[in-house]
Amino acid sequence: MHGELVVVDDVPGEFAERVIEAFHSRPHDSFSFAVSGGDTARRSYQRLADDAGSQIDWWKVDVYWGDERCVPLDDPASNYHLVREALLERVGAVNANYPMRCDDGPDPYQLRLGELGRIDVVHLGLGPDGHTASLFPGSPALDADPGRLVVMNHDPSGNNPHPRMTLTFAGIQRARLVLVTVSGEEKREALARVAAGDEKVPASRVRADRVLWIADPAAAADLA
């Protein structure tokens with residue numbers, strides 16, 4: 001496994017603490033935060049909104065997306081919709097947010113991230129199949145050109161039916177800190193394979209200045 005693993009009972013609480021810590025240790029006035037989707041992400045953002053209080057100046061926060069389903073932004077299946085409900089509406093406002101828009105293709109997001117340079121925090125999850133962001137096993141994005149930060153992608157297995165836009169491994173690698181939250185028995189095998197360094201599992205290929213895996217005991221049950 002690349003990075004550090006912490007096993008905690010309260011994954012959302014640990015996540016919130018780490019984001020608050022990253023905000024206060026940021027090397028510049030603004031703070032770039034790339035968000036994710038899924039049930040664990042929803043609970044993590046709700047907790048962050050509750051715990052941050054006055055500890056984060058949201059007017060200094062720019063929100064980006066690590067991946068998105070190609071559905072309307074107001075569709076309940078979209079990661080934008082999830083983050084809006086779980087975080088943005090609860091904290092009131094941020095300096096800026098930059099949804100991924102599939103209709104525009106990946107190039108505008110590629111250019112925006114190129115102008116940004118580094119991302120302070122990228123939040124990722126882990127699927128039961130070992131995918132992270134929308135980097136699915138056997139999908140074209142796994143072999144994206146190193147210069148591509150954002151691509152369109154799909155799940156060859158068909159288990160995730162919507163086309164996607166996603167950060168590539170090169171895009172994720174621009175993070176100062178990657179936080180990967182992993183909860184539940186259904187993630188147990190995938191996390192064990194990541195811990196063993198199984199390169200067939202996309203999440204095993206995540207790299208950044210610092211990578212922190214935050215798992216609950218159910219997800220970490222097969223780890224020594």
# chains A, B, ... in the order shown; residues from 1 in each chain; ligands from 1
>>> select_by_dssp(residues="region 74-167 of chain A", states="strand (DSSP E)", output="list in words")
Ala96, Asn97, Tyr98, Ile119, Asp120, Val121, Val122, His123, Leu124, Val150, Val151, Met152, Asn153, Arg164, Met165, Thr166 and Leu167 of chain A
>>> write_last_selection(atoms="N, CA, C and O atoms", output="short mmCIF file (atom, residue, chain, number, x, y, z; two decimals), in the first residue's frame")
data_model
loop_
_atom_site.label_atom_id
_atom_site.label_comp_id
_atom_site.auth_asym_id
_atom_site.auth_seq_id
_atom_site.Cartn_x
_atom_site.Cartn_y
_atom_site.Cartn_z
N ALA A 96 -15.51 29.43 -4.56
CA ALA A 96 -15.89 29.02 -5.91
C ALA A 96 -16.06 27.52 -5.93
O ALA A 96 -15.44 26.80 -5.15
N ASN A 97 -16.93 27.04 -6.81
CA ASN A 97 -16.98 25.60 -7.05
C ASN A 97 -17.01 25.35 -8.54
O ASN A 97 -17.58 26.13 -9.31
N TYR A 98 -16.36 24.27 -8.93
CA TYR A 98 -16.13 23.98 -10.33
C TYR A 98 -16.65 22.58 -10.66
O TYR A 98 -15.89 21.60 -10.64
N ILE A 119 -3.31 20.64 -6.05
CA ILE A 119 -4.58 20.56 -5.34
C ILE A 119 -4.25 20.25 -3.88
O ILE A 119 -3.50 19.31 -3.59
N ASP A 120 -4.77 21.04 -2.98
CA ASP A 120 -4.41 20.85 -1.58
C ASP A 120 -4.89 19.51 -1.04
O ASP A 120 -4.12 18.78 -0.41
N VAL A 121 -6.15 19.17 -1.27
CA VAL A 121 -6.70 17.89 -0.81
C VAL A 121 -7.56 17.28 -1.90
O VAL A 121 -8.42 17.97 -2.47
N VAL A 122 -7.33 16.02 -2.18
CA VAL A 122 -8.21 15.23 -3.04
C VAL A 122 -8.83 14.14 -2.18
O VAL A 122 -8.10 13.38 -1.53
N HIS A 123 -10.14 14.08 -2.16
CA HIS A 123 -10.85 13.03 -1.42
C HIS A 123 -11.29 11.95 -2.40
O HIS A 123 -11.91 12.23 -3.42
N LEU A 124 -10.97 10.70 -2.07
CA LEU A 124 -11.33 9.56 -2.88
C LEU A 124 -12.07 8.53 -2.03
O LEU A 124 -11.95 8.51 -0.80
N VAL A 150 -7.48 14.90 -16.78
CA VAL A 150 -8.91 14.62 -16.77
C VAL A 150 -9.28 13.92 -18.08
O VAL A 150 -8.83 14.33 -19.15
N VAL A 151 -10.09 12.87 -17.98
CA VAL A 151 -10.54 12.16 -19.18
C VAL A 151 -11.99 11.72 -19.01
O VAL A 151 -12.52 11.70 -17.90
N MET A 152 -12.61 11.34 -20.10
CA MET A 152 -13.88 10.63 -20.06
C MET A 152 -13.58 9.15 -19.87
O MET A 152 -12.53 8.65 -20.31
N ASN A 153 -14.50 8.43 -19.22
CA ASN A 153 -14.25 7.02 -18.96
C ASN A 153 -15.57 6.29 -18.78
O ASN A 153 -16.64 6.90 -18.68
N ARG A 164 -18.59 8.59 -17.47
CA ARG A 164 -18.00 9.41 -16.41
C ARG A 164 -16.97 10.39 -16.96
O ARG A 164 -16.40 10.18 -18.03
N MET A 165 -16.74 11.43 -16.17
CA MET A 165 -15.55 12.25 -16.30
C MET A 165 -14.76 12.05 -15.01
O MET A 165 -15.34 11.97 -13.92
N THR A 166 -13.45 11.94 -15.12
CA THR A 166 -12.67 11.61 -13.93
C THR A 166 -11.26 12.18 -13.99
O THR A 166 -10.70 12.37 -15.08
N LEU A 167 -10.71 12.46 -12.82
CA LEU A 167 -9.28 12.69 -12.74
C LEU A 167 -8.56 11.40 -13.12
O LEU A 167 -9.03 10.30 -12.84
#
>>> closest_atom_pairs(of="region 38-89 of chain A", to="region 3-11 of chain A", cutoff="9 Å", atoms="only C-alpha atoms", output="CSV")
residue,atom,partner,partner_atom,distance
A:Thr40,CA,A:Val11,CA,8.3
A:Arg43,CA,A:Val11,CA,8.9
A:Ser44,CA,A:Val11,CA,7.4
>>> select_by_dssp(residues="region 2-170 of chain A", states="alpha helix (DSSP H)", output="number ranges by chain")
A: 11-24, 39-52, 79-83, 89-91, 107-116, 169-170
>>> residues_around(residues="Pro202 (chain A)", least_positions_apart="3", cutoff="7 Å", atoms="only C-alpha atoms", output="short mmCIF file (atom, residue, chain, number, x, y, z; two decimals) with N, CA, C and O atoms, in the first residue's frame")
data_model
loop_
_atom_site.label_atom_id
_atom_site.label_comp_id
_atom_site.auth_asym_id
_atom_site.auth_seq_id
_atom_site.Cartn_x
_atom_site.Cartn_y
_atom_site.Cartn_z
N GLY A 130 -12.47 -2.26 -6.38
CA GLY A 130 -11.15 -1.64 -6.31
C GLY A 130 -11.02 -0.35 -7.08
O GLY A 130 -9.93 0.21 -7.16
N HIS A 131 -12.13 0.17 -7.66
CA HIS A 131 -12.01 1.44 -8.37
C HIS A 131 -11.94 2.60 -7.38
O HIS A 131 -12.39 2.50 -6.24
N THR A 132 -11.36 3.68 -7.85
CA THR A 132 -11.36 4.93 -7.09
C THR A 132 -11.54 6.05 -8.09
O THR A 132 -11.17 5.91 -9.27
N LEU A 135 -12.00 5.48 -11.99
CA LEU A 135 -10.94 4.69 -12.61
C LEU A 135 -11.24 3.22 -12.36
O LEU A 135 -10.86 2.65 -11.33
N PHE A 136 -11.98 2.61 -13.29
CA PHE A 136 -12.49 1.26 -13.11
C PHE A 136 -11.51 0.21 -13.63
O PHE A 136 -10.74 0.48 -14.56
N PRO A 137 -11.55 -0.99 -13.06
CA PRO A 137 -10.70 -2.06 -13.59
C PRO A 137 -10.94 -2.28 -15.08
O PRO A 137 -12.08 -2.34 -15.54
N GLU A 199 -1.53 -4.52 -8.19
CA GLU A 199 -1.63 -3.48 -9.21
C GLU A 199 -2.83 -3.66 -10.14
O GLU A 199 -3.15 -2.78 -10.93
N ARG A 205 -2.83 2.18 -7.38
CA ARG A 205 -1.93 3.05 -8.15
C ARG A 205 -2.02 4.52 -7.74
O ARG A 205 -1.38 5.37 -8.36
#
>>> residues_around(residues="Arg42 (chain A)", least_positions_apart="3", cutoff="10 Å", atoms="only C-alpha atoms", output="PyMOL selection string")
chain A and resi 12+36-39+45-48+79+82-87
>>> closest_residue(among="A:Asn95, A:Ser30, A:Thr181, A:Ser157", to="Gly13 (chain A)", atoms="only C-alpha atoms")
A:Thr181
>>> decode(residues="region 7-150 of chain A", atoms="C-alpha atoms", output="tab-separated table (two decimals), in the first residue's frame")
chain	number	residue	atom	x	y	z
A	7	VAL	CA	-8.21	2.33	11.25
A	8	VAL	CA	-10.87	4.21	13.22
A	9	ASP	CA	-14.43	3.60	14.34
A	10	ASP	CA	-15.50	7.05	13.13
A	11	VAL	CA	-14.35	7.49	9.53
A	12	PRO	CA	-16.30	10.74	8.88
A	13	GLY	CA	-14.96	12.28	12.09
A	14	GLU	CA	-11.36	11.41	11.20
A	15	PHE	CA	-11.88	12.73	7.69
A	16	ALA	CA	-13.22	16.05	8.99
A	17	GLU	CA	-10.29	16.39	11.38
A	18	ARG	CA	-7.78	15.80	8.59
A	19	VAL	CA	-9.40	18.33	6.23
A	20	ILE	CA	-9.46	20.97	8.97
A	21	GLU	CA	-5.81	20.24	9.70
A	22	ALA	CA	-4.93	20.52	5.99
A	23	PHE	CA	-6.76	23.84	5.73
A	24	HIS	CA	-4.71	25.31	8.57
A	25	SER	CA	-1.41	23.99	7.20
A	26	ARG	CA	-2.03	25.13	3.61
A	27	PRO	CA	0.94	26.92	2.00
A	28	HIS	CA	-1.10	29.83	0.58
A	29	ASP	CA	-4.23	31.85	1.30
A	30	SER	CA	-6.67	29.81	-0.77
A	31	PHE	CA	-7.54	26.12	-0.33
A	32	SER	CA	-8.38	23.74	-3.18
A	33	PHE	CA	-10.47	20.71	-2.29
A	34	ALA	CA	-11.47	17.98	-4.78
A	35	VAL	CA	-14.52	16.03	-3.66
A	36	SER	CA	-15.96	12.60	-4.33
A	37	GLY	CA	-19.25	10.68	-4.27
A	38	GLY	CA	-20.83	7.71	-2.52
A	39	ASP	CA	-22.40	7.01	0.87
A	40	THR	CA	-19.16	7.33	2.83
A	41	ALA	CA	-18.42	10.64	1.12
A	42	ARG	CA	-21.90	11.94	1.95
A	43	ARG	CA	-21.44	11.13	5.64
A	44	SER	CA	-17.94	12.60	5.58
A	45	TYR	CA	-19.12	15.92	4.10
A	46	GLN	CA	-22.02	16.17	6.51
A	47	ARG	CA	-19.58	15.66	9.38
A	48	LEU	CA	-17.13	18.17	7.93
A	49	ALA	CA	-19.90	20.76	7.70
A	50	ASP	CA	-20.88	20.06	11.32
A	51	ASP	CA	-17.36	19.99	12.75
A	52	ALA	CA	-15.60	22.72	10.80
A	53	GLY	CA	-17.60	25.61	12.29
A	54	SER	CA	-15.33	28.61	12.46
A	55	GLN	CA	-12.26	26.39	11.92
A	56	ILE	CA	-12.53	26.70	8.14
A	57	ASP	CA	-13.04	30.00	6.35
A	58	TRP	CA	-15.16	28.70	3.48
A	59	TRP	CA	-14.66	31.93	1.55
A	60	LYS	CA	-11.08	30.74	1.00
A	61	VAL	CA	-12.15	27.30	-0.31
A	62	ASP	CA	-12.37	26.37	-3.99
A	63	VAL	CA	-14.20	23.09	-4.58
A	64	TYR	CA	-13.32	20.80	-7.47
A	65	TRP	CA	-14.61	17.34	-8.38
A	66	GLY	CA	-12.56	14.18	-8.68
A	67	ASP	CA	-15.14	12.50	-10.89
A	68	GLU	CA	-18.70	12.85	-12.08
A	69	ARG	CA	-21.45	10.80	-13.67
A	70	CYS	CA	-22.68	12.14	-17.00
A	71	VAL	CA	-26.13	13.08	-15.76
A	72	PRO	CA	-27.65	16.55	-15.17
A	73	LEU	CA	-26.12	18.29	-12.16
A	74	ASP	CA	-29.50	18.34	-10.41
A	75	ASP	CA	-29.89	14.57	-10.86
A	76	PRO	CA	-29.72	12.72	-7.50
A	77	ALA	CA	-27.13	10.40	-9.09
A	78	SER	CA	-24.64	13.23	-9.66
A	79	ASN	CA	-21.73	13.83	-7.33
A	80	TYR	CA	-22.39	17.55	-7.61
A	81	HIS	CA	-25.90	17.03	-6.23
A	82	LEU	CA	-24.52	14.96	-3.35
A	83	VAL	CA	-21.85	17.51	-2.43
A	84	ARG	CA	-24.29	20.40	-2.74
A	85	GLU	CA	-26.72	18.76	-0.29
A	86	ALA	CA	-24.17	17.30	2.12
A	87	LEU	CA	-21.67	20.17	2.25
A	88	LEU	CA	-22.20	23.31	0.18
A	89	GLU	CA	-25.72	24.14	1.35
A	90	ARG	CA	-24.76	23.34	4.94
A	91	VAL	CA	-21.74	25.67	5.07
A	92	GLY	CA	-23.55	28.47	3.24
A	93	ALA	CA	-21.02	29.40	0.58
A	94	VAL	CA	-17.52	28.77	-0.71
A	95	ASN	CA	-15.23	31.02	-2.71
A	96	ALA	CA	-15.89	29.02	-5.91
A	97	ASN	CA	-16.98	25.60	-7.05
A	98	TYR	CA	-16.13	23.98	-10.33
A	99	PRO	CA	-18.48	21.13	-11.31
A	100	MET	CA	-17.42	18.70	-13.99
A	101	ARG	CA	-19.67	19.12	-17.03
A	102	CYS	CA	-19.61	16.12	-19.32
A	103	ASP	CA	-21.22	18.05	-22.18
A	104	ASP	CA	-18.14	20.28	-22.32
A	105	GLY	CA	-15.75	17.32	-22.47
A	106	PRO	CA	-12.61	17.04	-20.33
A	107	ASP	CA	-10.49	19.77	-21.92
A	108	PRO	CA	-11.92	22.79	-20.02
A	109	TYR	CA	-11.38	20.98	-16.71
A	110	GLN	CA	-7.91	19.93	-17.84
A	111	LEU	CA	-7.07	23.58	-18.51
A	112	ARG	CA	-8.46	24.74	-15.18
A	113	LEU	CA	-6.44	22.20	-13.24
A	114	GLY	CA	-3.38	23.08	-15.27
A	115	GLU	CA	-3.79	26.70	-14.20
A	116	LEU	CA	-4.33	25.64	-10.58
A	117	GLY	CA	-1.16	23.60	-10.45
A	118	ARG	CA	-1.43	21.72	-7.16
A	119	ILE	CA	-4.58	20.56	-5.34
A	120	ASP	CA	-4.41	20.85	-1.58
A	121	VAL	CA	-6.70	17.89	-0.81
A	122	VAL	CA	-8.21	15.23	-3.04
A	123	HIS	CA	-10.85	13.03	-1.42
A	124	LEU	CA	-11.33	9.56	-2.88
A	125	GLY	CA	-13.37	6.48	-2.05
A	126	LEU	CA	-12.86	2.81	-2.78
A	127	GLY	CA	-15.34	0.63	-4.64
A	128	PRO	CA	-15.82	-3.08	-3.92
A	129	ASP	CA	-14.18	-3.74	-7.30
A	130	GLY	CA	-11.15	-1.64	-6.31
A	131	HIS	CA	-12.01	1.44	-8.37
A	132	THR	CA	-11.36	4.93	-7.09
A	133	ALA	CA	-12.64	8.17	-8.60
A	134	SER	CA	-14.05	6.73	-11.86
A	135	LEU	CA	-10.94	4.69	-12.61
A	136	PHE	CA	-12.49	1.26	-13.11
A	137	PRO	CA	-10.70	-2.06	-13.59
A	138	GLY	CA	-9.94	-2.60	-17.27
A	139	SER	CA	-11.11	0.88	-18.28
A	140	PRO	CA	-9.34	3.11	-20.83
A	141	ALA	CA	-8.50	5.82	-18.28
A	142	LEU	CA	-6.05	3.51	-16.51
A	143	ASP	CA	-3.70	3.96	-19.47
A	144	ALA	CA	-4.25	7.68	-20.01
A	145	ASP	CA	-1.35	9.70	-21.34
A	146	PRO	CA	0.72	11.06	-18.41
A	147	GLY	CA	-0.07	14.60	-19.56
A	148	ARG	CA	-3.81	14.08	-19.20
A	149	LEU	CA	-5.24	15.16	-15.86
A	150	VAL	CA	-8.91	14.62	-16.77
